[in-house]
Amino acid sequence: MNLRTKFTAARYSPSITKMARRSHHRPTLALTCLITLYVLYSFFTYSPFYHISSTSVDLVNEGILNRSPKVKVYMYDLPRRFTYGVIESYVFARGGEAVGSDALLKYPGNQHSAEWYLFSHLNRMDQDRADSFVTRVNNPDEAELFYVPFFSSLSLVVNPIRPNVTNVPLDSPVYNDEQTQEDLLEWLEGQVYWKRNDGRDHVFICQDPNALYKIVDRVKNGILLVSDFGRLAPNQASLVKDVILPYSHRINTYKGEIGLENRKSLLFFMGNRYRKEGGKIRDMLFQVLENEPDVIIKHGAQSRESRRAATQGMHTSRFCLHPAGDTPSACRLFDAIVSLCVPVIVSDFIELPFEDVIDYNKISIFVDTKNAGRPGHLVNILRNMSPEKILEYQKELKEVKRYFEYEDPKGTVKEIWRQVSLKLPLVKLMCNRNKRVMVRDSTQPDCSCLCSNQSGVSTTL
């Protein structure tokens, strides 16, 4: 601990201050002025790396980062088949017709729309991105990072799971996501900037848990923009190297004020009851909650009717349940946040977006899977919470919900690029390190990999 840190700690320690007053003589006026000036200087110039915020949003950390230089990003001009061509293939697979211009193509709205928003953001005029943490450069030699705008999540679902379109010609070519991924990698491997640093300064978005699954092991050196690590191996992704994204919320944002008068239901959940892998907790929760009074928990698949019912349920409930599904995270969490419905998270391996500026303990309740399955445990926690505490949660939710609005100019897209910009020092370190490191015969993960959820720290109720 250096002298400045000791002095700062002493300033905020009442016990030390009292001791000092007892043990020292009254300082002279000059000395008092000198100390006062030093304290003021330290107060206005000292920015501790670890900052504890009294609210759910760390505005000090955010403010410091707002003054950082913009990171220079070069967005590849990919062949059309990897961007607009994916949208077109999606439309054709559902019986749609060709449009005259790419500007008329509409990205299908879904929870993995981040890839479209980031692509659109970099395609805007410079003056429309003045508040961004990154700036687009047209000369790749000037770039610090390279963005690969492949619509990987949409590519995964181009072919409908249950085709029921009758006006699609039988001789129409069938879209192949795996081949498209392979073709993308082949194209990248022909680029000098990819080969220069083995892709370490490249950014890929693969928000759907299965996106890029065919080639992810060959692009893992880059920065991956993902929703969680549920389908990724420990040597493919990490909290240090990659960025956690929020899903696009599917229901309408709550426009009202905080309050409990119109929120008559205690707890709300609507979604698939039966899931595989980590989502088995859902069936258990149905069993312990479905007969509880003032709890609404029902099975429902994705549809317009379901979204309307979910909007109504979340906007009129105090708490919204977020259990794990096939993967730890889902759009339901972000639906709850923009509804000001306090999320109750039952997902032991979840990773959350933007945790350097958002304290999720102030906007949500975490219950471990084992205890959540005990009859009465979960509802007792919620029923014993005071109205004042619930209103406090709602107030914090209202503060942070802009971080989960992709269409807000100061919302999700801006924050994603801020998170990406924070990776640049590590990218530079790894690129320089890779130039001098010899080939090693080792089965251990690369030192840049800090895998998620391995601290062993319990945060349950």
# chains A, B, ... in the order shown; residues from 1 in each chain; ligands from 1
>>> select_by_dssp(residues="range 138-371 of chain A", states="strand (DSSP E or B)", output="MDAnalysis selection string")
chainID A and resid 145:148 202:205 223:226 243:244 265:271 295:299 317:323 342:346 358 365:366
>>> closest_atom_pairs(of="range 268-366 of chain A", to="range 404-415 of chain A", cutoff="9 Å", atoms="only C-alpha atoms", output="CSV")
residue,atom,partner,partner_atom,distance
A:Phe334,CA,A:Phe404,CA,6.8
A:Ile337,CA,A:Phe404,CA,8.0
A:Val338,CA,A:Phe404,CA,7.4
A:Phe354,CA,A:Glu415,CA,7.6
>>> write_last_selection(atoms="all heavy atoms", output="PDB file, in the first residue's frame")
ATOM      1  N   PHE A 334     -34.492 -10.044 -19.018  1.00  0.00           N
ATOM      2  CA  PHE A 334     -34.469  -8.667 -19.491  1.00  0.00           C
ATOM      3  C   PHE A 334     -35.879  -8.146 -19.749  1.00  0.00           C
ATOM      4  O   PHE A 334     -36.116  -6.941 -19.646  1.00  0.00           O
ATOM      5  CB  PHE A 334     -33.564  -8.590 -20.714  1.00  0.00           C
ATOM      6  CG  PHE A 334     -32.230  -9.230 -20.452  1.00  0.00           C
ATOM      7  CD1 PHE A 334     -31.905 -10.473 -20.997  1.00  0.00           C
ATOM      8  CD2 PHE A 334     -31.324  -8.633 -19.596  1.00  0.00           C
ATOM      9  CE1 PHE A 334     -30.711 -11.091 -20.703  1.00  0.00           C
ATOM     10  CE2 PHE A 334     -30.118  -9.239 -19.293  1.00  0.00           C
ATOM     11  CZ  PHE A 334     -29.806 -10.470 -19.846  1.00  0.00           C
ATOM     12  N   ILE A 337     -36.723  -6.901 -16.304  1.00  0.00           N
ATOM     13  CA  ILE A 337     -36.059  -5.640 -15.952  1.00  0.00           C
ATOM     14  C   ILE A 337     -36.795  -4.450 -16.558  1.00  0.00           C
ATOM     15  O   ILE A 337     -37.073  -3.460 -15.866  1.00  0.00           O
ATOM     16  CB  ILE A 337     -34.587  -5.666 -16.397  1.00  0.00           C
ATOM     17  CG1 ILE A 337     -33.790  -6.655 -15.536  1.00  0.00           C
ATOM     18  CG2 ILE A 337     -33.965  -4.268 -16.309  1.00  0.00           C
ATOM     19  CD1 ILE A 337     -32.363  -6.874 -15.986  1.00  0.00           C
ATOM     20  N   VAL A 338     -37.134  -4.519 -17.846  1.00  0.00           N
ATOM     21  CA  VAL A 338     -37.819  -3.383 -18.475  1.00  0.00           C
ATOM     22  C   VAL A 338     -39.271  -3.293 -18.034  1.00  0.00           C
ATOM     23  O   VAL A 338     -39.945  -2.296 -18.316  1.00  0.00           O
ATOM     24  CB  VAL A 338     -37.725  -3.449 -20.016  1.00  0.00           C
ATOM     25  CG1 VAL A 338     -36.272  -3.431 -20.458  1.00  0.00           C
ATOM     26  CG2 VAL A 338     -38.469  -4.646 -20.585  1.00  0.00           C
ATOM     27  N   PHE A 354     -22.598  -6.418 -18.193  1.00  0.00           N
ATOM     28  CA  PHE A 354     -22.254  -5.083 -17.704  1.00  0.00           C
ATOM     29  C   PHE A 354     -22.093  -5.027 -16.180  1.00  0.00           C
ATOM     30  O   PHE A 354     -22.452  -4.032 -15.544  1.00  0.00           O
ATOM     31  CB  PHE A 354     -23.321  -4.067 -18.142  1.00  0.00           C
ATOM     32  CG  PHE A 354     -23.790  -4.198 -19.558  1.00  0.00           C
ATOM     33  CD1 PHE A 354     -25.094  -3.859 -19.906  1.00  0.00           C
ATOM     34  CD2 PHE A 354     -22.946  -4.668 -20.557  1.00  0.00           C
ATOM     35  CE1 PHE A 354     -25.539  -3.965 -21.216  1.00  0.00           C
ATOM     36  CE2 PHE A 354     -23.380  -4.781 -21.882  1.00  0.00           C
ATOM     37  CZ  PHE A 354     -24.690  -4.433 -22.203  1.00  0.00           C
TER      38      PHE A 354
END
>>> residues_around(residues="Tyr84 in chain A", least_positions_apart="6", cutoff="10 Å", atoms="only C-alpha atoms", output="list in words")
Leu78, Tyr90, Ser101, Asp102, Ala103, Leu105, Lys106, Tyr107, Phe150 and Phe151 of chain A
>>> write_last_selection(atoms="all heavy atoms", output="CSV table (one decimal), in the first residue's frame")
chain,number,residue,atom,x,y,z
A,78,LEU,N,-18.0,-7.7,-45.6
A,78,LEU,CA,-18.1,-9.1,-45.9
A,78,LEU,C,-18.9,-9.3,-47.2
A,78,LEU,O,-19.7,-8.4,-47.6
A,78,LEU,CB,-18.8,-9.8,-44.8
A,78,LEU,CG,-18.1,-9.9,-43.4
A,78,LEU,CD1,-19.1,-10.7,-42.5
A,78,LEU,CD2,-16.8,-10.6,-43.6
A,90,TYR,N,-33.6,-16.1,-45.0
A,90,TYR,CA,-34.6,-16.3,-44.0
A,90,TYR,C,-36.0,-16.0,-44.6
A,90,TYR,O,-37.0,-16.7,-44.3
A,90,TYR,CB,-34.3,-15.4,-42.8
A,90,TYR,CG,-35.3,-15.5,-41.6
A,90,TYR,CD1,-35.0,-16.4,-40.6
A,90,TYR,CD2,-36.4,-14.8,-41.6
A,90,TYR,CE1,-35.8,-16.5,-39.5
A,90,TYR,CE2,-37.3,-14.9,-40.5
A,90,TYR,CZ,-37.0,-15.7,-39.5
A,90,TYR,OH,-37.8,-15.8,-38.4
A,101,SER,N,-33.9,-3.6,-52.9
A,101,SER,CA,-32.8,-3.0,-52.3
A,101,SER,C,-32.5,-3.6,-50.9
A,101,SER,O,-33.5,-4.0,-50.2
A,101,SER,CB,-33.0,-1.5,-52.2
A,101,SER,OG,-32.0,-0.9,-51.4
A,102,ASP,N,-31.3,-3.7,-50.5
A,102,ASP,CA,-30.9,-4.2,-49.2
A,102,ASP,C,-31.5,-3.3,-48.1
A,102,ASP,O,-31.8,-3.7,-47.0
A,102,ASP,CB,-29.4,-4.3,-49.0
A,102,ASP,CG,-28.8,-5.4,-49.8
A,102,ASP,OD1,-29.6,-6.3,-50.2
A,102,ASP,OD2,-27.6,-5.4,-50.0
A,103,ALA,N,-31.7,-2.0,-48.4
A,103,ALA,CA,-32.2,-1.1,-47.5
A,103,ALA,C,-33.7,-1.4,-47.1
A,103,ALA,O,-34.2,-1.0,-46.1
A,103,ALA,CB,-32.2,0.4,-48.0
A,105,LEU,N,-34.7,-4.6,-46.8
A,105,LEU,CA,-34.7,-5.8,-46.0
A,105,LEU,C,-34.9,-5.5,-44.5
A,105,LEU,O,-34.2,-4.6,-44.0
A,105,LEU,CB,-33.5,-6.6,-46.2
A,105,LEU,CG,-33.4,-7.4,-47.6
A,105,LEU,CD1,-32.0,-7.9,-47.8
A,105,LEU,CD2,-34.4,-8.5,-47.6
A,106,LYS,N,-35.7,-6.2,-43.8
A,106,LYS,CA,-35.9,-6.0,-42.4
A,106,LYS,C,-35.5,-7.2,-41.6
A,106,LYS,O,-35.9,-8.3,-41.9
A,106,LYS,CB,-37.4,-5.7,-42.1
A,106,LYS,CG,-37.7,-5.4,-40.7
A,106,LYS,CD,-39.2,-5.1,-40.5
A,106,LYS,CE,-39.5,-4.8,-39.0
A,106,LYS,NZ,-41.0,-4.6,-38.8
A,107,TYR,N,-34.6,-6.9,-40.7
A,107,TYR,CA,-34.1,-8.0,-39.8
A,107,TYR,C,-35.2,-8.5,-39.0
A,107,TYR,O,-35.9,-7.8,-38.3
A,107,TYR,CB,-33.0,-7.5,-38.9
A,107,TYR,CG,-32.3,-8.6,-38.1
A,107,TYR,CD1,-31.1,-9.2,-38.6
A,107,TYR,CD2,-32.8,-9.0,-36.9
A,107,TYR,CE1,-30.5,-10.2,-37.9
A,107,TYR,CE2,-32.2,-10.0,-36.2
A,107,TYR,CZ,-31.0,-10.6,-36.7
A,107,TYR,OH,-30.4,-11.6,-35.9
A,150,PHE,N,-21.0,-11.0,-39.3
A,150,PHE,CA,-21.7,-12.1,-39.8
A,150,PHE,C,-23.0,-12.3,-38.9
A,150,PHE,O,-22.8,-12.3,-37.6
A,150,PHE,CB,-20.9,-13.4,-39.7
A,150,PHE,CG,-21.6,-14.7,-40.0
A,150,PHE,CD1,-22.5,-14.8,-41.1
A,150,PHE,CD2,-21.4,-15.8,-39.2
A,150,PHE,CE1,-23.2,-15.9,-41.3
A,150,PHE,CE2,-22.0,-17.0,-39.5
A,150,PHE,CZ,-23.0,-17.0,-40.5
A,151,PHE,N,-24.1,-12.4,-39.5
A,151,PHE,CA,-25.4,-12.6,-38.7
A,151,PHE,C,-25.5,-14.1,-38.3
A,151,PHE,O,-26.3,-14.9,-38.8
A,151,PHE,CB,-26.6,-12.2,-39.5
A,151,PHE,CG,-26.6,-10.7,-39.9
A,151,PHE,CD1,-27.5,-10.3,-40.9
A,151,PHE,CD2,-25.9,-9.8,-39.1
A,151,PHE,CE1,-27.5,-8.9,-41.2
A,151,PHE,CE2,-26.0,-8.5,-39.4
A,151,PHE,CZ,-26.8,-8.0,-40.5
>>> select_by_dssp(residues="range 147-333 of chain A", states="helix (DSSP H, G or I)", output="PyMOL selection string")
chain A and resi 152-156+177-189+192-196+216-219+277-289+304-315+331-333
>>> residues_around(residues="Gln179 in chain A", least_positions_apart="4", cutoff="12 Å", atoms="only C-alpha atoms", output="VMD selection string")
chain A and resid 81 to 82 155 to 156 174 to 175 183 to 186 212 to 215
>>> write_last_selection(atoms="N, CA and C atoms", output="PDB file, in the first residue's frame")
ATOM      1  N   ARG A  81     -23.569 -12.427 -48.770  1.00  0.00           N
ATOM      2  CA  ARG A  81     -24.222 -13.648 -48.288  1.00  0.00           C
ATOM      3  C   ARG A  81     -24.113 -13.813 -46.778  1.00  0.00           C
ATOM      4  N   PHE A  82     -23.149 -13.107 -46.153  1.00  0.00           N
ATOM      5  CA  PHE A  82     -22.956 -13.240 -44.710  1.00  0.00           C
ATOM      6  C   PHE A  82     -23.740 -12.203 -43.903  1.00  0.00           C
ATOM      7  N   SER A 155     -28.446 -16.855 -38.974  1.00  0.00           N
ATOM      8  CA  SER A 155     -28.040 -17.941 -39.870  1.00  0.00           C
ATOM      9  C   SER A 155     -28.445 -19.299 -39.306  1.00  0.00           C
ATOM     10  N   LEU A 156     -28.397 -19.414 -37.988  1.00  0.00           N
ATOM     11  CA  LEU A 156     -28.715 -20.676 -37.325  1.00  0.00           C
ATOM     12  C   LEU A 156     -30.169 -21.073 -37.513  1.00  0.00           C
ATOM     13  N   VAL A 174     -31.478 -25.148 -50.499  1.00  0.00           N
ATOM     14  CA  VAL A 174     -31.649 -25.220 -49.050  1.00  0.00           C
ATOM     15  C   VAL A 174     -30.463 -24.536 -48.384  1.00  0.00           C
ATOM     16  N   TYR A 175     -30.749 -23.618 -47.498  1.00  0.00           N
ATOM     17  CA  TYR A 175     -29.695 -22.883 -46.801  1.00  0.00           C
ATOM     18  C   TYR A 175     -28.958 -23.822 -45.858  1.00  0.00           C
ATOM     19  N   ASP A 183     -17.459 -21.256 -44.914  1.00  0.00           N
ATOM     20  CA  ASP A 183     -17.107 -20.304 -45.967  1.00  0.00           C
ATOM     21  C   ASP A 183     -16.638 -18.979 -45.379  1.00  0.00           C
ATOM     22  N   LEU A 184     -17.257 -18.568 -44.272  1.00  0.00           N
ATOM     23  CA  LEU A 184     -16.826 -17.336 -43.600  1.00  0.00           C
ATOM     24  C   LEU A 184     -15.387 -17.472 -43.119  1.00  0.00           C
ATOM     25  N   LEU A 185     -15.085 -18.590 -42.478  1.00  0.00           N
ATOM     26  CA  LEU A 185     -13.736 -18.784 -41.961  1.00  0.00           C
ATOM     27  C   LEU A 185     -12.717 -18.841 -43.100  1.00  0.00           C
ATOM     28  N   GLU A 186     -13.086 -19.486 -44.183  1.00  0.00           N
ATOM     29  CA  GLU A 186     -12.182 -19.539 -45.339  1.00  0.00           C
ATOM     30  C   GLU A 186     -11.900 -18.135 -45.867  1.00  0.00           C
ATOM     31  N   LEU A 212     -22.255 -20.111 -34.446  1.00  0.00           N
ATOM     32  CA  LEU A 212     -20.840 -20.356 -34.770  1.00  0.00           C
ATOM     33  C   LEU A 212     -20.308 -21.670 -34.205  1.00  0.00           C
ATOM     34  N   TYR A 213     -21.207 -22.587 -33.825  1.00  0.00           N
ATOM     35  CA  TYR A 213     -20.752 -23.817 -33.159  1.00  0.00           C
ATOM     36  C   TYR A 213     -19.786 -24.626 -34.018  1.00  0.00           C
ATOM     37  N   LYS A 214     -19.894 -24.510 -35.333  1.00  0.00           N
ATOM     38  CA  LYS A 214     -19.038 -25.299 -36.211  1.00  0.00           C
ATOM     39  C   LYS A 214     -17.601 -24.780 -36.225  1.00  0.00           C
ATOM     40  N   ILE A 215     -17.420 -23.472 -36.061  1.00  0.00           N
ATOM     41  CA  ILE A 215     -16.077 -22.887 -36.201  1.00  0.00           C
ATOM     42  C   ILE A 215     -15.603 -22.183 -34.937  1.00  0.00           C
TER      43      ILE A 215
END
>>> residues_around(residues="Val91 in chain A", least_positions_apart="6", cutoff="9 Å", atoms="only C-alpha atoms", output="list in words")
Glu97, Ala98, Pro108 and Val158 of chain A
>>> write_last_selection(atoms="N, CA, C and O atoms", output="compact mmCIF listing (two decimals), in the first residue's frame")
# COMPACT_ATOMS: atom_id res chain seq x y z
N GLU A 97 -40.70 -12.85 -50.80
CA GLU A 97 -40.20 -12.49 -52.13
C GLU A 97 -39.01 -11.53 -52.00
O GLU A 97 -38.83 -10.87 -50.99
N ALA A 98 -38.23 -11.48 -53.08
CA ALA A 98 -37.07 -10.59 -53.12
C ALA A 98 -37.52 -9.14 -53.13
O ALA A 98 -38.58 -8.81 -53.66
N PRO A 108 -35.43 -9.85 -39.00
CA PRO A 108 -36.55 -10.42 -38.23
C PRO A 108 -36.35 -10.17 -36.74
O PRO A 108 -35.30 -10.48 -36.18
N VAL A 158 -32.31 -19.88 -40.11
CA VAL A 158 -32.86 -19.57 -41.43
C VAL A 158 -33.89 -20.61 -41.85
O VAL A 158 -34.99 -20.27 -42.30
>>> closest_residue(among="A:Ala93, A:Val420, A:Leu225, A:Ile363", to="Ala237 in chain A", atoms="only C-alpha atoms")
A:Leu225
>>> closest_residue(among="A:Pro79, A:Pro140, A:Pro149, A:Gly325", to="Leu118 in chain A", atoms="only C-alpha atoms")
A:Pro149
